[in-house]
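Pasting entry04.tsv here (TSV, C-alpha atoms and all ligand atoms):
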chain	number	residue	atom	x	y	z
A	1	VAL	CA	0.00	0.00	0.00
A	2	SER	CA	1.58	3.24	-1.11
A	3	SER	CA	1.80	6.29	1.11
A	4	ARG	CA	-0.45	8.05	-1.40
A	5	GLU	CA	-3.17	5.43	-0.83
A	6	ILE	CA	-2.80	5.73	2.95
A	7	SER	CA	-3.14	9.46	2.70
A	8	GLU	CA	-6.26	9.07	0.48
A	9	GLU	CA	-7.77	6.67	3.00
A	10	ASN	CA	-7.16	9.11	5.85
A	11	GLN	CA	-8.67	11.92	3.88
A	12	LEU	CA	-11.74	9.84	3.02
A	13	ASP	CA	-12.17	8.96	6.71
A	14	LYS	CA	-12.01	12.65	7.50
A	15	LEU	CA	-14.51	13.36	4.73
A	16	VAL	CA	-16.99	10.90	6.28
A	17	GLY	CA	-16.75	12.84	9.57
A	18	GLN	CA	-17.45	16.04	7.65
A	19	ILE	CA	-20.44	14.45	5.87
A	20	GLU	CA	-21.87	13.51	9.27
A	21	GLY	CA	-21.45	17.09	10.44
A	22	TRP	CA	-23.10	18.56	7.32
A	23	ALA	CA	-25.94	16.03	7.57
A	24	HIS	CA	-26.69	17.03	11.17
A	25	GLU	CA	-26.50	20.73	10.28
A	26	ALA	CA	-29.02	20.03	7.51
A	27	GLY	CA	-31.48	18.46	9.95
A	28	PHE	CA	-30.78	14.77	9.34
A	29	GLN	CA	-30.54	12.63	12.43
A	30	GLN	CA	-28.23	9.97	11.00
A	31	VAL	CA	-26.10	9.14	8.00
A	32	GLY	CA	-24.36	5.94	6.85
A	33	ILE	CA	-22.58	4.55	3.82
A	34	SER	CA	-23.14	1.29	1.93
A	35	ASP	CA	-21.83	-0.33	-1.23
A	36	VAL	CA	-24.05	-0.89	-4.26
A	37	ASP	CA	-24.35	-4.67	-4.09
A	38	MET	CA	-28.10	-5.34	-3.87
A	39	GLN	CA	-28.00	-8.90	-5.20
A	40	ASN	CA	-29.24	-10.32	-1.89
A	41	GLU	CA	-32.50	-8.50	-2.56
A	42	GLN	CA	-33.00	-10.02	-5.99
A	43	SER	CA	-35.00	-13.13	-5.12
A	44	ARG	CA	-37.20	-11.26	-2.64
A	45	LEU	CA	-37.98	-8.48	-5.12
A	46	ARG	CA	-38.64	-10.89	-8.02
A	47	ALA	CA	-40.94	-13.08	-5.87
A	48	TRP	CA	-42.85	-9.99	-4.71
A	49	LEU	CA	-43.32	-8.80	-8.28
A	50	ASP	CA	-44.25	-12.30	-9.52
A	51	LYS	CA	-47.05	-12.40	-6.94
A	52	ARG	CA	-48.29	-9.03	-8.25
A	53	TYR	CA	-48.11	-7.57	-4.74
A	54	HIS	CA	-47.18	-4.21	-6.27
A	55	GLY	CA	-50.70	-3.83	-7.73
A	56	SER	CA	-50.90	-1.08	-10.32
A	57	MET	CA	-47.44	0.34	-9.46
A	58	ARG	CA	-46.02	-0.69	-12.82
A	59	TRP	CA	-42.85	1.33	-12.31
A	60	MET	CA	-41.83	-1.19	-9.68
A	61	GLU	CA	-41.67	-3.83	-12.39
A	62	LYS	CA	-40.25	-1.61	-15.07
A	63	HIS	CA	-37.24	-0.45	-13.09
A	64	ALA	CA	-36.44	-3.61	-11.12
A	65	ASP	CA	-32.98	-3.86	-12.74
A	66	LYS	CA	-32.09	-0.34	-11.70
A	67	ARG	CA	-33.18	-1.10	-8.15
A	68	LEU	CA	-30.92	-4.11	-8.03
A	69	GLN	CA	-28.01	-2.38	-9.78
A	70	PRO	CA	-27.73	1.21	-8.58
A	71	GLU	CA	-24.93	1.83	-11.08
A	72	LEU	CA	-27.54	1.48	-13.86
A	73	LEU	CA	-29.53	4.31	-12.32
A	74	HIS	CA	-26.50	6.57	-11.99
A	75	PRO	CA	-23.46	5.29	-13.89
A	76	GLY	CA	-20.24	5.06	-11.94
A	77	THR	CA	-21.92	4.87	-8.53
A	78	LEU	CA	-19.72	3.11	-5.98
A	79	ARG	CA	-21.39	4.08	-2.73
A	80	ILE	CA	-24.82	5.03	-1.43
A	81	ILE	CA	-24.89	7.59	1.34
A	82	SER	CA	-28.17	7.05	3.23
A	83	LEU	CA	-29.63	9.70	5.52
A	84	ARG	CA	-32.70	9.76	7.72
A	85	MET	CA	-34.86	12.63	8.97
A	86	ASN	CA	-37.64	12.40	11.58
A	87	TYR	CA	-41.05	13.57	10.39
A	88	LEU	CA	-43.57	12.95	13.18
A	89	PRO	CA	-44.94	16.24	14.53
A	90	GLU	CA	-45.49	16.41	18.27
A	91	ASN	CA	-49.02	16.31	19.73
A	92	THR	CA	-50.74	14.87	16.69
A	93	GLU	CA	-52.21	11.99	18.73
A	94	PRO	CA	-52.73	9.36	16.03
A	95	VAL	CA	-54.65	6.91	18.20
A	96	LYS	CA	-57.10	9.53	19.44
A	97	VAL	CA	-57.92	10.53	15.86
A	98	LEU	CA	-58.23	6.90	14.73
A	99	LYS	CA	-60.77	6.40	17.51
A	100	SER	CA	-62.84	9.42	16.44
A	101	PRO	CA	-64.90	8.23	13.46
A	102	GLU	CA	-66.08	11.74	12.59
A	103	LYS	CA	-62.46	12.90	12.12
A	104	ALA	CA	-60.19	12.29	9.13
A	105	TYR	CA	-56.99	10.38	9.70
A	106	VAL	CA	-54.17	11.63	7.48
A	107	SER	CA	-50.88	9.74	7.61
A	108	ARG	CA	-48.53	11.66	9.86
A	109	TYR	CA	-45.91	12.13	7.16
A	110	ALA	CA	-48.36	14.13	5.04
A	111	LEU	CA	-49.61	16.72	7.56
A	112	GLY	CA	-47.17	19.45	6.58
A	113	ARG	CA	-45.29	20.41	3.44
A	114	ASP	CA	-44.25	17.76	0.96
A	115	TYR	CA	-40.91	16.38	2.04
A	116	HIS	CA	-39.50	15.66	-1.41
A	117	LYS	CA	-38.40	19.18	-2.25
A	118	LEU	CA	-37.03	19.96	1.20
A	119	ILE	CA	-34.99	16.79	1.46
A	120	ARG	CA	-33.74	16.84	-2.14
A	121	LYS	CA	-32.51	20.41	-1.72
A	122	ARG	CA	-30.64	19.57	1.46
A	123	LEU	CA	-29.14	16.44	-0.09
A	124	ALA	CA	-28.00	18.49	-3.10
A	125	ASN	CA	-26.29	20.97	-0.74
A	126	ILE	CA	-24.49	18.18	1.07
A	127	ALA	CA	-23.46	16.64	-2.27
A	128	LYS	CA	-22.00	19.96	-3.34
A	129	LYS	CA	-19.94	20.22	-0.16
A	130	ILE	CA	-18.71	16.66	-0.65
A	131	GLU	CA	-17.70	17.46	-4.20
A	132	THR	CA	-15.73	20.55	-3.20
A	133	GLU	CA	-13.91	18.71	-0.46
A	134	ALA	CA	-13.28	15.56	-2.53
A	135	SER	CA	-11.83	17.43	-5.49
A	136	ALA	CA	-8.90	18.29	-3.25
A	137	ILE	CA	-8.31	14.57	-2.63
A	138	TYR	CA	-8.82	13.41	-6.21
A	139	ALA	CA	-7.48	16.07	-8.53
A	140	ASP	CA	-8.06	13.94	-11.66
A	141	LEU	CA	-11.39	12.31	-10.82
A	142	LYS	CA	-14.61	13.67	-12.25
A	143	ILE	CA	-16.80	13.46	-9.18
A	144	SER	CA	-20.28	12.27	-10.02
A	145	GLN	CA	-23.11	12.32	-7.47
A	146	ARG	CA	-26.90	12.37	-7.46
A	147	PRO	CA	-29.41	12.86	-4.65
A	148	PHE	CA	-32.59	10.80	-4.43
A	149	VAL	CA	-35.64	10.96	-2.26
A	150	ASP	CA	-38.36	8.40	-2.74
A	151	SER	CA	-38.95	9.22	-6.40
A	152	ALA	CA	-36.51	6.94	-8.22
A	153	PRO	CA	-35.97	3.18	-8.31
A	154	VAL	CA	-33.76	2.93	-5.25
A	155	LEU	CA	-33.90	0.08	-2.73
A	156	GLU	CA	-33.69	2.62	0.03
A	157	ARG	CA	-34.45	0.36	2.97
A	158	PRO	CA	-31.91	-2.36	2.16
A	159	ALA	CA	-29.34	0.36	1.41
A	160	ALA	CA	-30.08	2.12	4.71
A	161	HIS	CA	-29.88	-1.20	6.55
A	162	LYS	CA	-26.44	-1.87	5.05
A	163	ALA	CA	-25.45	1.70	5.89
A	164	GLY	CA	-26.21	1.02	9.57
A	165	LEU	CA	-29.37	3.13	9.93
A	166	GLY	CA	-31.61	0.33	11.23
A	167	TRP	CA	-33.16	-3.04	10.42
A	168	ILE	CA	-36.12	-3.84	8.20
A	169	GLY	CA	-39.05	-4.72	10.46
A	170	LYS	CA	-41.77	-7.29	9.86
A	171	HIS	CA	-43.89	-4.42	8.52
A	172	THR	CA	-41.18	-3.88	5.86
A	173	LEU	CA	-40.20	-0.41	7.10
A	174	LEU	CA	-36.82	0.53	8.49
A	175	ILE	CA	-36.60	0.70	12.29
A	176	ASN	CA	-33.86	2.37	14.26
A	177	GLU	CA	-33.25	1.11	17.77
A	178	ASN	CA	-33.16	4.64	19.18
A	179	ALA	CA	-35.50	6.46	16.83
A	180	GLY	CA	-38.28	4.06	15.77
A	181	SER	CA	-39.54	4.34	12.21
A	182	PHE	CA	-41.23	7.71	11.73
A	183	PHE	CA	-38.50	9.10	9.47
A	184	PHE	CA	-37.88	9.79	5.79
A	185	LEU	CA	-34.93	8.33	3.96
A	186	GLY	CA	-32.85	10.06	1.34
A	187	GLU	CA	-29.77	8.97	-0.57
A	188	ILE	CA	-26.77	10.44	-2.33
A	189	PHE	CA	-25.25	8.18	-4.98
A	190	THR	CA	-21.54	8.87	-5.37
A	191	ASN	CA	-18.56	7.55	-7.32
A	192	LEU	CA	-16.25	8.28	-4.37
A	193	PRO	CA	-14.85	5.14	-2.69
A	194	LEU	CA	-15.95	6.25	0.78
A	195	PRO	CA	-15.31	3.86	3.69
A	196	LEU	CA	-18.28	1.54	4.33
A	197	ASN	CA	-20.34	1.05	7.42
A	198	ARG	CA	-19.01	-2.21	8.86
A	199	LYS	CA	-21.86	-3.38	11.06
A	200	LYS	CA	-25.40	-4.02	9.86
A	201	PRO	CA	-27.88	-3.46	12.71
A	202	GLN	CA	-29.32	-6.63	14.17
A	203	ASN	CA	-33.04	-7.33	13.66
A	204	LEU	CA	-34.73	-6.72	17.02
A	205	CYS	CA	-38.33	-7.64	16.10
A	206	GLY	CA	-37.98	-10.93	17.98
A	207	ASP	CA	-41.29	-12.74	18.60
A	208	CYS	CA	-43.35	-9.58	18.21
A	209	ARG	CA	-46.08	-9.68	15.53
A	210	ALA	CA	-48.00	-6.58	16.61
A	211	CYS	CA	-47.83	-4.84	13.23
A	212	LEU	CA	-48.97	-7.95	11.35
A	213	GLN	CA	-51.94	-8.40	13.69
A	214	ILE	CA	-53.07	-4.78	13.81
A	215	CYS	CA	-53.13	-4.24	10.04
A	216	PRO	CA	-56.78	-3.37	9.30
A	217	THR	CA	-56.75	-5.01	5.87
A	218	ASP	CA	-54.50	-7.95	6.67
A	219	ALA	CA	-51.96	-6.73	4.14
A	220	PHE	CA	-49.03	-8.89	5.28
A	221	PRO	CA	-49.27	-12.39	3.78
A	222	GLU	CA	-46.20	-13.21	5.88
A	223	PRO	CA	-43.68	-11.27	7.99
A	224	TYR	CA	-41.49	-8.95	5.90
A	225	VAL	CA	-43.85	-9.14	2.90
A	226	LEU	CA	-46.45	-6.50	2.10
A	227	ASP	CA	-49.25	-7.09	-0.38
A	228	ALA	CA	-49.57	-3.47	-1.45
A	229	ARG	CA	-52.96	-4.17	-3.04
A	230	ARG	CA	-54.42	-4.57	0.44
A	231	CYS	CA	-52.46	-1.77	2.11
A	232	ILE	CA	-54.52	1.33	2.96
A	233	SER	CA	-51.61	3.57	1.94
A	234	TYR	CA	-51.73	2.02	-1.51
A	235	LEU	CA	-55.52	1.97	-1.70
A	236	THR	CA	-55.90	5.64	-0.75
A	237	ILE	CA	-52.82	7.10	-2.47
A	238	GLU	CA	-51.37	4.98	-5.29
A	239	ASN	CA	-54.55	3.30	-6.50
A	240	PRO	CA	-56.27	5.49	-9.12
A	241	GLY	CA	-59.43	3.39	-9.35
A	242	PRO	CA	-62.22	2.37	-7.02
A	243	ILE	CA	-61.40	1.16	-3.54
A	244	PRO	CA	-62.48	-2.50	-3.46
A	245	GLU	CA	-65.63	-2.75	-1.36
A	246	GLU	CA	-64.24	-5.44	0.89
A	247	PHE	CA	-61.74	-2.93	2.33
A	248	ARG	CA	-64.01	0.08	2.75
A	249	GLN	CA	-65.44	-0.66	6.19
A	250	VAL	CA	-62.12	-1.57	7.73
A	251	MET	CA	-60.53	1.60	6.34
A	252	GLY	CA	-62.53	3.44	8.99
A	253	ASN	CA	-61.54	7.12	8.88
A	254	ARG	CA	-58.13	6.66	7.19
A	255	VAL	CA	-58.44	8.98	4.21
A	256	PHE	CA	-54.80	9.42	3.20
A	257	GLY	CA	-52.45	6.61	4.08
A	258	CYS	CA	-52.32	4.61	7.29
A	259	ASP	CA	-49.81	4.43	10.12
A	260	ASP	CA	-51.24	1.57	12.15
A	261	CYS	CA	-48.25	-0.74	11.76
A	262	GLN	CA	-45.93	2.01	12.95
A	263	VAL	CA	-48.16	3.32	15.70
A	264	ILE	CA	-48.36	-0.13	17.31
A	265	CYS	CA	-44.64	-0.88	16.99
A	266	PRO	CA	-42.92	-0.94	20.40
A	267	TRP	CA	-39.84	0.72	18.88
A	268	ASN	CA	-41.88	3.87	18.34
A	269	LYS	CA	-42.53	4.25	22.04
A	270	PRO	CA	-41.60	6.88	22.94
A	271	ALA	CA	-41.77	8.40	19.48
A	272	ASN	CA	-39.10	10.71	18.13
A	273	PHE	CA	-40.52	14.00	16.95
A	274	THR	CA	-39.49	16.27	14.12
A	275	LEU	CA	-38.07	19.73	14.69
A	276	GLU	CA	-38.78	20.85	11.12
A	277	ASP	CA	-41.26	23.70	10.74
A	278	ASP	CA	-42.21	22.40	7.31
A	279	PHE	CA	-43.45	19.11	8.73
A	280	GLN	CA	-45.80	20.73	11.24
A	281	PRO	CA	-49.52	20.20	10.45
A	282	ARG	CA	-51.20	22.72	8.20
A	283	HIS	CA	-54.91	23.63	8.17
A	284	GLY	CA	-55.60	21.49	11.23
A	285	LEU	CA	-55.13	18.35	9.13
A	286	GLU	CA	-54.02	16.36	12.14
A	287	SER	CA	-57.59	16.13	13.46
A	288	GLN	CA	-59.90	17.75	10.96
A	289	GLU	CA	-63.57	16.76	10.64
A	290	LEU	CA	-64.32	14.51	7.65
A	291	LEU	CA	-67.33	16.62	6.81
A	292	GLU	CA	-65.31	19.84	6.80
A	293	LEU	CA	-62.80	18.34	4.35
A	294	PHE	CA	-65.54	16.87	2.16
A	295	ARG	CA	-67.11	20.32	1.87
A	296	TRP	CA	-63.98	21.79	0.28
A	297	ASP	CA	-64.62	22.60	-3.36
A	298	GLU	CA	-61.86	21.93	-5.88
A	299	ALA	CA	-60.45	25.47	-5.66
A	300	THR	CA	-60.21	25.18	-1.87
A	301	TYR	CA	-58.62	21.74	-2.16
A	302	LEU	CA	-56.02	23.09	-4.60
A	303	ALA	CA	-55.31	26.16	-2.48
A	304	LEU	CA	-55.03	24.34	0.84
A	305	THR	CA	-53.00	21.40	-0.39
A	306	GLU	CA	-50.46	23.44	-2.32
A	307	GLY	CA	-46.99	22.11	-1.55
A	308	SER	CA	-48.48	19.09	0.28
A	309	ALA	CA	-48.15	15.38	-0.52
A	310	ILE	CA	-51.96	15.24	-0.50
A	311	ARG	CA	-51.95	16.99	-3.89
A	312	ARG	CA	-50.74	13.78	-5.40
A	313	ILE	CA	-54.14	12.06	-5.34
A	314	GLY	CA	-56.04	14.98	-6.89
A	315	TYR	CA	-59.46	16.25	-5.90
A	316	GLU	CA	-61.19	13.14	-7.23
A	317	GLY	CA	-59.07	10.78	-5.10
A	318	TRP	CA	-59.58	13.06	-2.11
A	319	LEU	CA	-63.39	12.95	-2.44
A	320	ARG	CA	-63.34	9.20	-3.08
A	321	ASN	CA	-61.42	8.58	0.15
A	322	LEU	CA	-63.47	11.03	2.19
A	323	ALA	CA	-66.70	9.44	0.97
A	324	VAL	CA	-65.51	6.11	2.37
A	325	GLY	CA	-64.65	7.79	5.67
A	326	LEU	CA	-68.09	9.42	5.83
A	327	GLY	CA	-69.76	6.08	5.10
A	328	ASN	CA	-67.98	4.73	8.16
A	329	ALA	CA	-68.92	7.64	10.44
A	330	ALA	CA	-71.89	7.38	12.80
A	331	PRO	CA	-75.22	7.91	10.99
A	332	ASP	CA	-75.81	11.63	10.79
A	333	GLU	CA	-78.33	13.62	8.74
A	334	LYS	CA	-75.74	16.38	8.07
A	335	ILE	CA	-73.36	13.84	6.54
A	336	GLN	CA	-76.07	12.31	4.40
A	337	GLN	CA	-77.14	15.72	3.16
A	338	ALA	CA	-73.56	16.67	2.24
A	339	LEU	CA	-73.15	13.41	0.35
A	340	ARG	CA	-76.39	13.94	-1.55
A	341	GLU	CA	-75.53	17.57	-2.35
A	342	LYS	CA	-72.12	16.72	-3.75
A	343	ARG	CA	-73.23	13.72	-5.81
A	344	PRO	CA	-74.57	15.47	-8.96
A	345	ASN	CA	-71.27	17.24	-9.57
A	346	VAL	CA	-68.74	14.46	-9.17
A	347	SER	CA	-67.17	11.84	-11.45
A	348	PRO	CA	-68.73	8.34	-11.76
A	349	LEU	CA	-65.90	7.01	-9.57
A	350	VAL	CA	-66.72	9.37	-6.70
A	351	ALA	CA	-70.47	8.97	-7.25
A	352	GLU	CA	-70.18	5.22	-6.72
A	353	HIS	CA	-68.30	5.77	-3.43
A	354	ILE	CA	-70.90	8.32	-2.36
A	355	ASP	CA	-73.66	5.80	-3.07
A	356	TRP	CA	-71.82	3.26	-0.95
A	357	ALA	CA	-71.41	5.81	1.84
A	358	LEU	CA	-75.12	6.71	1.77
A	359	ALA	CA	-76.07	3.04	1.92
A	360	GLN	CA	-73.78	2.63	4.94
A	361	GLN	CA	-75.19	5.69	6.61
A	362	GLN	CA	-78.81	4.67	6.05
A	363	ASN	CA	-78.62	0.97	6.78
A	364	PRO	CA	-77.00	0.23	10.13
A	365	ARG	CA	-77.19	-3.52	9.47
A	366	ARG	CA	-74.60	-3.10	6.72
A	367	ARG	CA	-72.32	-1.43	9.18
A	368	ARG	CA	-71.17	-4.53	10.98
A	369	ILE	CA	-67.52	-4.98	10.14
A	370	ARG	CA	-67.00	-8.48	8.88
A	371	LYS	CA	-63.72	-10.14	9.55
A	372	LEU	CA	-61.77	-10.21	6.35
A	373	ARG	CA	-60.92	-13.54	4.88
A	374	ARG	CA	-57.35	-14.09	3.80
A	375	GLU	CA	-57.99	-14.41	0.05
A	376	PRO	CA	-60.87	-12.18	-0.97
A	377	ILE	CA	-59.19	-10.96	-4.16
A	378	ASP	CA	-57.62	-12.68	-7.08
A	379	ARG	CA	-53.94	-12.37	-6.24
A	380	THR	CA	-52.75	-13.27	-9.69
A	381	ARG	CA	-54.05	-10.04	-11.18
A	382	GLY	CA	-52.73	-6.52	-10.75
A	401	LIG	S1	-44.48	-4.15	15.55
A	401	LIG	FE1	-43.14	-5.77	16.29
A	401	LIG	S2	-42.86	-7.17	14.53
A	401	LIG	FE2	-43.69	-5.23	13.74
A	401	LIG	S3	-41.90	-4.07	13.11
A	401	LIG	FE3	-42.36	-3.45	15.24
A	401	LIG	S4	-41.10	-4.83	16.51
A	401	LIG	FE4	-41.15	-5.71	14.45
The structure given in the file should be rewritten as structure tokens.
Ligand code: SF4
Amino acid sequence: VSSREISEENQLDKLVGQIEGWAHEAGFQQVGISDVDMQNEQSRLRAWLDKRYHGSMRWMEKHADKRLQPELLHPGTLRIISLRMNYLPENTEPVKVLKSPEKAYVSRYALGRDYHKLIRKRLANIAKKIETEASAIYADLKISQRPFVDSAPVLERPAAHKAGLGWIGKHTLLINENAGSFFFLGEIFTNLPLPLNRKKPQNLCGDCRACLQICPTDAFPEPYVLDARRCISYLTIENPGPIPEEFRQVMGNRVFGCDDCQVICPWNKPANFTLEDDFQPRHGLESQELLELFRWDEATYLALTEGSAIRRIGYEGWLRNLAVGLGNAAPDEKIQQALREKRPNVSPLVAEHIDWALAQQQNPRRRRIRKLRREPIDRTRG
């Protein structure tokens, strides 16, 4: 080993310390570095896709190779720098809202501003600092880096696990021993040969099955496997079509995503809260009345969800989900009137959900929640 290589190694070690400092300054709670070898994930990912568990998320299929070979996504990538940032706002009392059927439950990550822009910007700043510093180490290397946050085919959880940020729980999310799971992940792909995290965190789920048992739609066919087609997050956010009737009653008041598997997880007690202003709830969305939200017209929806992840489902998806929530609320003449008033001016998709909600509201016998059977849908179809 030449003295030049030793000096490079020392400088890269120092650079990792600097990256940690910049990450903390930028509001990330933890950072780690992994290689790009994702081959261990191949059989799991292929089996998941073969079973059509990704539903209508065709991009999962289309970009599987890029997920498994990060260097195809960004040529030259040698390392993935993974970072995590807490998002749970304090005092948003998820369980209390879930137990209030007249309120709307919005997944806690979506209460404030959309995280994509904020995190991408901060990752880009860190990448710039890395580039400046690294060009002094490698005078002849063209440094090539790219930040990602949840919008590209990146196996972010396996990468973060390898980087030392936590283990993948039975609910398929990453859990950190000290911080639970209410955090976003972001990555910087880099062609710098940064030193790797040496110790993958041990899986501490043990005998616990709380997340699998609490799931309202029974979306885990087995531990560590999620059938997205049954997951309320998928049904209310990714799914552009009707919500299958068999899931509507058990959705309760969850109108944008679902956090049940995280809320029940013992590693989230006590929860770690975010300090970011941008992630604080806007427009009282942490415990807003279903009826109030349903009364928003499209202009109000567009104005009040500007810069929010809720924009993603559009006004039609919003009304569809709220109609299901209202169908599950206690029978109330005001709710029924609002449903009837809105019906003439909505799409056939929303109208069908409104009809379902009115039938629920008017016929208490339909309201008994039946226990879901394991195989109510054809699993071979998307
Ligand atoms: S609830 Fe239990 S099984 Fe599920 S992720 Fe948390 S510790 Fe693991």
So which residues are near ligand LIG 401 (chain A), meaning at most 12 Å away with only C-alpha atoms and all ligand atoms counted, given back as an MDAnalysis selection string?
chainID A and resid 166:177 180:182 202:215 220 222:225 259:269
Keeping C-alpha atoms for every residue in the selection just given, could you write it to a file as a short mmCIF file (atom, residue, chain, number, x, y, z; two decimals), in the frame of the given file?
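Everything below was put into part.cif:
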data_model
loop_
_atom_site.label_atom_id
_atom_site.label_comp_id
_atom_site.auth_asym_id
_atom_site.auth_seq_id
_atom_site.Cartn_x
_atom_site.Cartn_y
_atom_site.Cartn_z
CA GLY A 166 -31.61 0.33 11.23
CA TRP A 167 -33.16 -3.04 10.42
CA ILE A 168 -36.12 -3.84 8.20
CA GLY A 169 -39.05 -4.72 10.46
CA LYS A 170 -41.77 -7.29 9.86
CA HIS A 171 -43.89 -4.42 8.52
CA THR A 172 -41.18 -3.88 5.86
CA LEU A 173 -40.20 -0.41 7.10
CA LEU A 174 -36.82 0.53 8.49
CA ILE A 175 -36.60 0.70 12.29
CA ASN A 176 -33.86 2.37 14.26
CA GLU A 177 -33.25 1.11 17.77
CA GLY A 180 -38.28 4.06 15.77
CA SER A 181 -39.54 4.34 12.21
CA PHE A 182 -41.23 7.71 11.73
CA GLN A 202 -29.32 -6.63 14.17
CA ASN A 203 -33.04 -7.33 13.66
CA LEU A 204 -34.73 -6.72 17.02
CA CYS A 205 -38.33 -7.64 16.10
CA GLY A 206 -37.98 -10.93 17.98
CA ASP A 207 -41.29 -12.74 18.60
CA CYS A 208 -43.35 -9.58 18.21
CA ARG A 209 -46.08 -9.68 15.53
CA ALA A 210 -48.00 -6.58 16.61
CA CYS A 211 -47.83 -4.84 13.23
CA LEU A 212 -48.97 -7.95 11.35
CA GLN A 213 -51.94 -8.40 13.69
CA ILE A 214 -53.07 -4.78 13.81
CA CYS A 215 -53.13 -4.24 10.04
CA PHE A 220 -49.03 -8.89 5.28
CA GLU A 222 -46.20 -13.21 5.88
CA PRO A 223 -43.68 -11.27 7.99
CA TYR A 224 -41.49 -8.95 5.90
CA VAL A 225 -43.85 -9.14 2.90
CA ASP A 259 -49.81 4.43 10.12
CA ASP A 260 -51.24 1.57 12.15
CA CYS A 261 -48.25 -0.74 11.76
CA GLN A 262 -45.93 2.01 12.95
CA VAL A 263 -48.16 3.32 15.70
CA ILE A 264 -48.36 -0.13 17.31
CA CYS A 265 -44.64 -0.88 16.99
CA PRO A 266 -42.92 -0.94 20.40
CA TRP A 267 -39.84 0.72 18.88
CA ASN A 268 -41.88 3.87 18.34
CA LYS A 269 -42.53 4.25 22.04
#
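Counting from atom CA of A:Arg67, the distance to atom CA of A:Arg229 is 20.7 Å.
We find atom CA of A:Glu292 and atom CA of A:Tyr115 to be spaced 25.1 Å apart.
Within a radius of 7 Å around (-77.6, 9.1, 10.5), the polymer residues are A:Ala330, A:Pro331, A:Asp332, A:Glu333, A:Gln361, A:Gln362, counting all atoms listed in the file.
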List every protein, DNA or RNA residue that has an atom no more than 7 Å from (-74.5, 10.3, 4.0) in the file's coordinate frame, counting only C-alpha atoms, and report them as a count of residues only.
12
Atom-to-atom span, atom CA of A:Asn86 and atom CA of A:Gln29, Å:
7.2 Å
At a cut-off of 10 Å, using only C-alpha atoms, what residues contact A:Lys162? Leave out same-chain residues fewer than 3 positions from it and give the result as a ChimeraX atom specification.
/A:32-38,80,82,156-159,165-167,196-201
Tell me which protein, DNA and RNA residues are within 7 Å of stretch 304-308 of chain A, counting all atoms listed in the file, leaving out same-chain ones fewer than 5 positions away, and put them as a PyMOL selection string.
chain A and resi 110+112-114
Got time to write the residues from that selection, C-alpha atoms, as a PDB file, in the coordinates of the input?
ATOM      1  CA  ALA A 110     -48.360  14.130   5.040  1.00  0.00           C
ATOM      2  CA  GLY A 112     -47.170  19.450   6.580  1.00  0.00           C
ATOM      3  CA  ARG A 113     -45.290  20.410   3.440  1.00  0.00           C
ATOM      4  CA  ASP A 114     -44.250  17.760   0.960  1.00  0.00           C
TER       5      ASP A 114
END
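Distance annotation: of A:Gly17, A:Gly186, A:Gly314, A:Pro270, the residue with the minimal separation from A:Arg146 is A:Gly186; atom set is all atoms listed in the file.
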Would you please work out which residue, of A:Glu238, A:Glu102, A:Asp278, A:Asp355, is nearest to A:Leu290 when using only C-alpha atoms?
A:Glu102
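When all atoms listed in the file are used to measure the gap to A:Ala163, the shortest distance among A:Arg312, A:Arg84, A:Arg230, A:Arg120 belongs to A:Arg84.
Across A:Asn178, A:Ser100, A:Asn91, A:Thr190, the tightest approach to A:Leu123 is made by A:Thr190 when counting all atoms listed in the file.
Comparing A:Pro101, A:Trp59, A:Arg122, A:Gly164 by their smallest distance to A:Ser151, the closest is A:Trp59 (using all atoms listed in the file).
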Which residues come within 10 Å of A:Arg108, counting only C-alpha atoms, excluding same-chain residues fewer than 3 positions away, as JSON, numbers by chain?
{"A": [87, 88, 89, 92, 93, 94, 105, 111, 112, 182, 256, 257, 258, 259, 279, 280, 281, 285, 286]}
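Of the listed residues (A:Phe189, A:Trp296, A:Tyr315, A:Phe247), A:Phe189 comes nearest to A:Pro75; the distances count only C-alpha atoms.
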Emit as lines of an AutoDock Vina configuration file the padded axis-aligned box for all listed atoms of stretch 89-97 of chain A, 8 Å per side, with centre and edge lengths in Å to one decimal.
center_x = -51.4
center_y = 11.7
center_z = 17.1
size_x = 29.0
size_y = 25.5
size_z = 21.2
Is there a way to complete stretch 149-154 of chain A with N, CA and C atoms and then write that out as a compact mmCIF listing (two decimals), keeping the file's coordinate frame?
# COMPACT_ATOMS: atom_id res chain seq x y z
N VAL A 149 -34.73 11.09 -3.39
CA VAL A 149 -35.64 10.96 -2.26
C VAL A 149 -36.96 10.38 -2.75
N ASP A 150 -37.07 9.06 -2.58
CA ASP A 150 -38.36 8.40 -2.74
C ASP A 150 -39.03 8.62 -4.10
N SER A 151 -38.28 8.96 -5.13
CA SER A 151 -38.95 9.22 -6.40
C SER A 151 -38.23 8.50 -7.53
N ALA A 152 -37.27 7.66 -7.20
CA ALA A 152 -36.51 6.94 -8.22
C ALA A 152 -36.40 5.49 -7.75
N PRO A 153 -36.08 4.60 -8.71
CA PRO A 153 -35.97 3.18 -8.31
C PRO A 153 -34.74 2.89 -7.46
N VAL A 154 -34.86 3.16 -6.19
CA VAL A 154 -33.76 2.93 -5.25
C VAL A 154 -34.28 1.99 -4.16
